[in-house]
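Asks: Shown below is the structure under consideration.
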Amino acid sequence: MQNADLILDGCRVPEADRLPGARSFRDTAAILRRTRSGVAWQAVGVMLAAYEIARGYAVGREQFGRPIAKFQMVQDLLVRMLGNATACLGMVARLAQLQDAGQYRDEHSALAKAYCATRMRETVGWGRELMAGNGILLDYDIGRFVADAEAIYSYEGTREINTLIVGRAATGVGAFV
């Protein structure tokens, strides 16, 4: 994602070129609410893909005359990956239900984005760990997911910003500085 500073000095935007209905930051926040939920879904997709790649690798990679999937700690990593992906899938599915019911609020998407993006980083890290040195090679895709996870983790608000949104809703007190 490219970022740049834009300075518009003496610029007039005709009414026909303005975003319809966008009059305040509250209108922008409504867009962020929807895009944050999309980012949470992206995180789930990355986790599931990382799990599938790591699982396939574990079943197919042999060490000491047997697939590494037969080693306890490899199974532990796969179970952790699957647990994170499954929990986050449940969260984003519930988020979609809230959207459909018209009960969806900023803190719902902020929680899903913060939680799922954090679990995604953890999950792809475990996939990379499971694959050892091969986990950084593009031939196996897990390294690409590690890089993707860093981008997904940061956009549509950092974990800290989304945490403040959820914290304000949970306590009734804003902690933004």
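Quick note on naming: the chains in the structure tokens go A, B, ... in the order shown, residues restart at 1 in each chain, and ligands are numbered from 1 in order of appearance.
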Please report, as a PyMOL selection string, each residue of segment 21-175 of chain A to which DSSP assigns helix (DSSP H, G or I) when run on this structure's backbone.

Replies: chain A and resi 25-60+68-70+72-100+106-130+132-136+138-140+142-154+159-171

Asks: Between segment 82-141 of chain A and segment 38-61 of chain A, at 7 Å or less, what are the per-residue closest atom pairs and their distances in Å? Count only C-alpha atoms, order by chain and rising residue number, and return it as a tab-separated table.

Replies:
```
residue	atom	partner	partner_atom	distance
A:Leu82	CA	A:Tyr51	CA	6.5
A:Ala85	CA	A:Met47	CA	5.6
A:Cys88	CA	A:Val44	CA	6.2
A:Leu89	CA	A:Val44	CA	6.1
A:Val92	CA	A:Trp41	CA	6.4
A:Ala112	CA	A:Ala40	CA	5.7
A:Lys113	CA	A:Ala40	CA	4.5
A:Cys116	CA	A:Ala40	CA	5.6
A:Ala117	CA	A:Ala43	CA	5.5
A:Met120	CA	A:Met47	CA	5.6
A:Thr123	CA	A:Met47	CA	6.1
A:Val124	CA	A:Ala50	CA	5.9
A:Gly127	CA	A:Ala54	CA	5.4
A:Leu130	CA	A:Ala54	CA	6.9
A:Met131	CA	A:Ala54	CA	6.9
```

Asks: I need the residues of segment 2-173 of chain A that end up classed as strand (DSSP E or B) by DSSP on the backbone, written out as a list of chain:residue names.

Replies: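 Here are the strand (DSSP E or B) residues of segment 2-173 of chain A: A:Glu62, A:Gln63, A:Arg66, A:Pro67.
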
Asks: Could you write those residues out with N, CA, C and O atoms, as a PDB file, in the first residue's frame?

Replies:
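Full text of again31.pdb as output:
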```pdb
ATOM      1  N   GLU A  62       9.748 -35.889   5.260  1.00  0.00           N
ATOM      2  CA  GLU A  62      10.258 -36.982   6.073  1.00  0.00           C
ATOM      3  C   GLU A  62      11.576 -36.608   6.723  1.00  0.00           C
ATOM      4  O   GLU A  62      12.418 -35.953   6.112  1.00  0.00           O
ATOM      5  N   GLN A  63      11.721 -37.046   7.950  1.00  0.00           N
ATOM      6  CA  GLN A  63      12.948 -36.852   8.725  1.00  0.00           C
ATOM      7  C   GLN A  63      13.124 -38.104   9.590  1.00  0.00           C
ATOM      8  O   GLN A  63      12.152 -38.557  10.204  1.00  0.00           O
ATOM      9  N   ARG A  66      10.562 -40.992   8.819  1.00  0.00           N
ATOM     10  CA  ARG A  66       9.112 -40.888   9.002  1.00  0.00           C
ATOM     11  C   ARG A  66       8.668 -39.447   8.775  1.00  0.00           C
ATOM     12  O   ARG A  66       9.462 -38.516   8.915  1.00  0.00           O
ATOM     13  N   PRO A  67       7.382 -39.245   8.445  1.00  0.00           N
ATOM     14  CA  PRO A  67       6.888 -37.874   8.250  1.00  0.00           C
ATOM     15  C   PRO A  67       7.017 -37.074   9.543  1.00  0.00           C
ATOM     16  O   PRO A  67       6.790 -37.623  10.628  1.00  0.00           O
TER      17      PRO A  67
END
```

Asks: Show me, as a Markdown table, the residues of segment 93-162 of chain A having an atom within 10 Å of segment 34-37 of chain A, each with the closest atom pair and its distance in Å, using only C-alpha atoms.

Replies:
```
| residue | atom | partner | partner_atom | distance |
| --- | --- | --- | --- | --- |
| A:Leu95 | CA | A:Ser37 | CA | 7.5 |
| A:Ala96 | CA | A:Ser37 | CA | 8.4 |
| A:Gln99 | CA | A:Arg34 | CA | 9.2 |
| A:Tyr104 | CA | A:Arg34 | CA | 9.5 |
| A:Arg105 | CA | A:Arg34 | CA | 9.7 |
| A:Asp106 | CA | A:Arg34 | CA | 8.8 |
| A:His108 | CA | A:Ser37 | CA | 8.4 |
| A:Ser109 | CA | A:Ser37 | CA | 5.0 |
| A:Ala110 | CA | A:Arg36 | CA | 6.5 |
| A:Leu111 | CA | A:Ser37 | CA | 9.2 |
| A:Ala112 | CA | A:Ser37 | CA | 6.7 |
| A:Lys113 | CA | A:Arg36 | CA | 5.7 |
| A:Ala114 | CA | A:Arg36 | CA | 8.9 |
| A:Cys116 | CA | A:Ser37 | CA | 9.9 |
| A:Tyr155 | CA | A:Arg36 | CA | 8.6 |
| A:Glu156 | CA | A:Arg36 | CA | 5.7 |
| A:Gly157 | CA | A:Arg36 | CA | 8.0 |
| A:Asn162 | CA | A:Arg36 | CA | 9.3 |
```

Asks: Next, dump the selected residues to file, keeping only C-alpha atoms, as an mmCIF file, in the first residue's frame.

Replies:
```cif
data_model
loop_
_atom_site.group_PDB
_atom_site.id
_atom_site.type_symbol
_atom_site.label_atom_id
_atom_site.label_comp_id
_atom_site.auth_asym_id
_atom_site.auth_seq_id
_atom_site.Cartn_x
_atom_site.Cartn_y
_atom_site.Cartn_z
ATOM 1 C CA LEU A 95 -19.540 -10.413 13.223
ATOM 2 C CA ALA A 96 -21.301 -11.138 9.930
ATOM 3 C CA GLN A 99 -23.987 -6.988 10.455
ATOM 4 C CA TYR A 104 -23.032 -4.139 14.352
ATOM 5 C CA ARG A 105 -20.977 -1.453 16.136
ATOM 6 C CA ASP A 106 -17.461 -0.048 15.874
ATOM 7 C CA HIS A 108 -17.318 -5.336 17.176
ATOM 8 C CA SER A 109 -15.178 -4.853 14.094
ATOM 9 C CA ALA A 110 -12.332 -3.329 16.137
ATOM 10 C CA LEU A 111 -12.260 -6.382 18.418
ATOM 11 C CA ALA A 112 -12.359 -8.804 15.491
ATOM 12 C CA LYS A 113 -9.631 -6.946 13.622
ATOM 13 C CA ALA A 114 -7.338 -6.639 16.661
ATOM 14 C CA CYS A 116 -7.746 -11.966 14.489
ATOM 15 C CA TYR A 155 -3.760 -1.499 8.307
ATOM 16 C CA GLU A 156 -7.246 -0.352 9.302
ATOM 17 C CA GLY A 157 -5.882 0.640 12.678
ATOM 18 C CA ASN A 162 -8.521 -0.997 17.948
#
```

Asks: Ranking A:Ala147, A:Ile152, A:Val177, A:Met91 by minimum distance to Thr118 of chain A and counting only C-alpha atoms, which one comes first?

Replies: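 Of all the options, A:Ile152 lies closest to Thr118 of chain A.
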
Asks: Measure the distance from atom CA of Ala169 of chain A to atom CA of Arg121 of chain A in Å and round it to one decimal.

Replies: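 Distance between the two atoms: 25.2 Å.
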
Asks: Can you measure atom CA of Ile136 of chain A to atom CA of Thr158 of chain A for me? One decimal in Å is fine.

Replies: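 A separation of 25.1 Å between them.
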
Asks: So how many Å separate atom CA of Met73 of chain A and atom CA of Gly133 of chain A, to one decimal?

Replies: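 Pair atom CA of Met73 of chain A / atom CA of Gly133 of chain A returns 16.5 Å.
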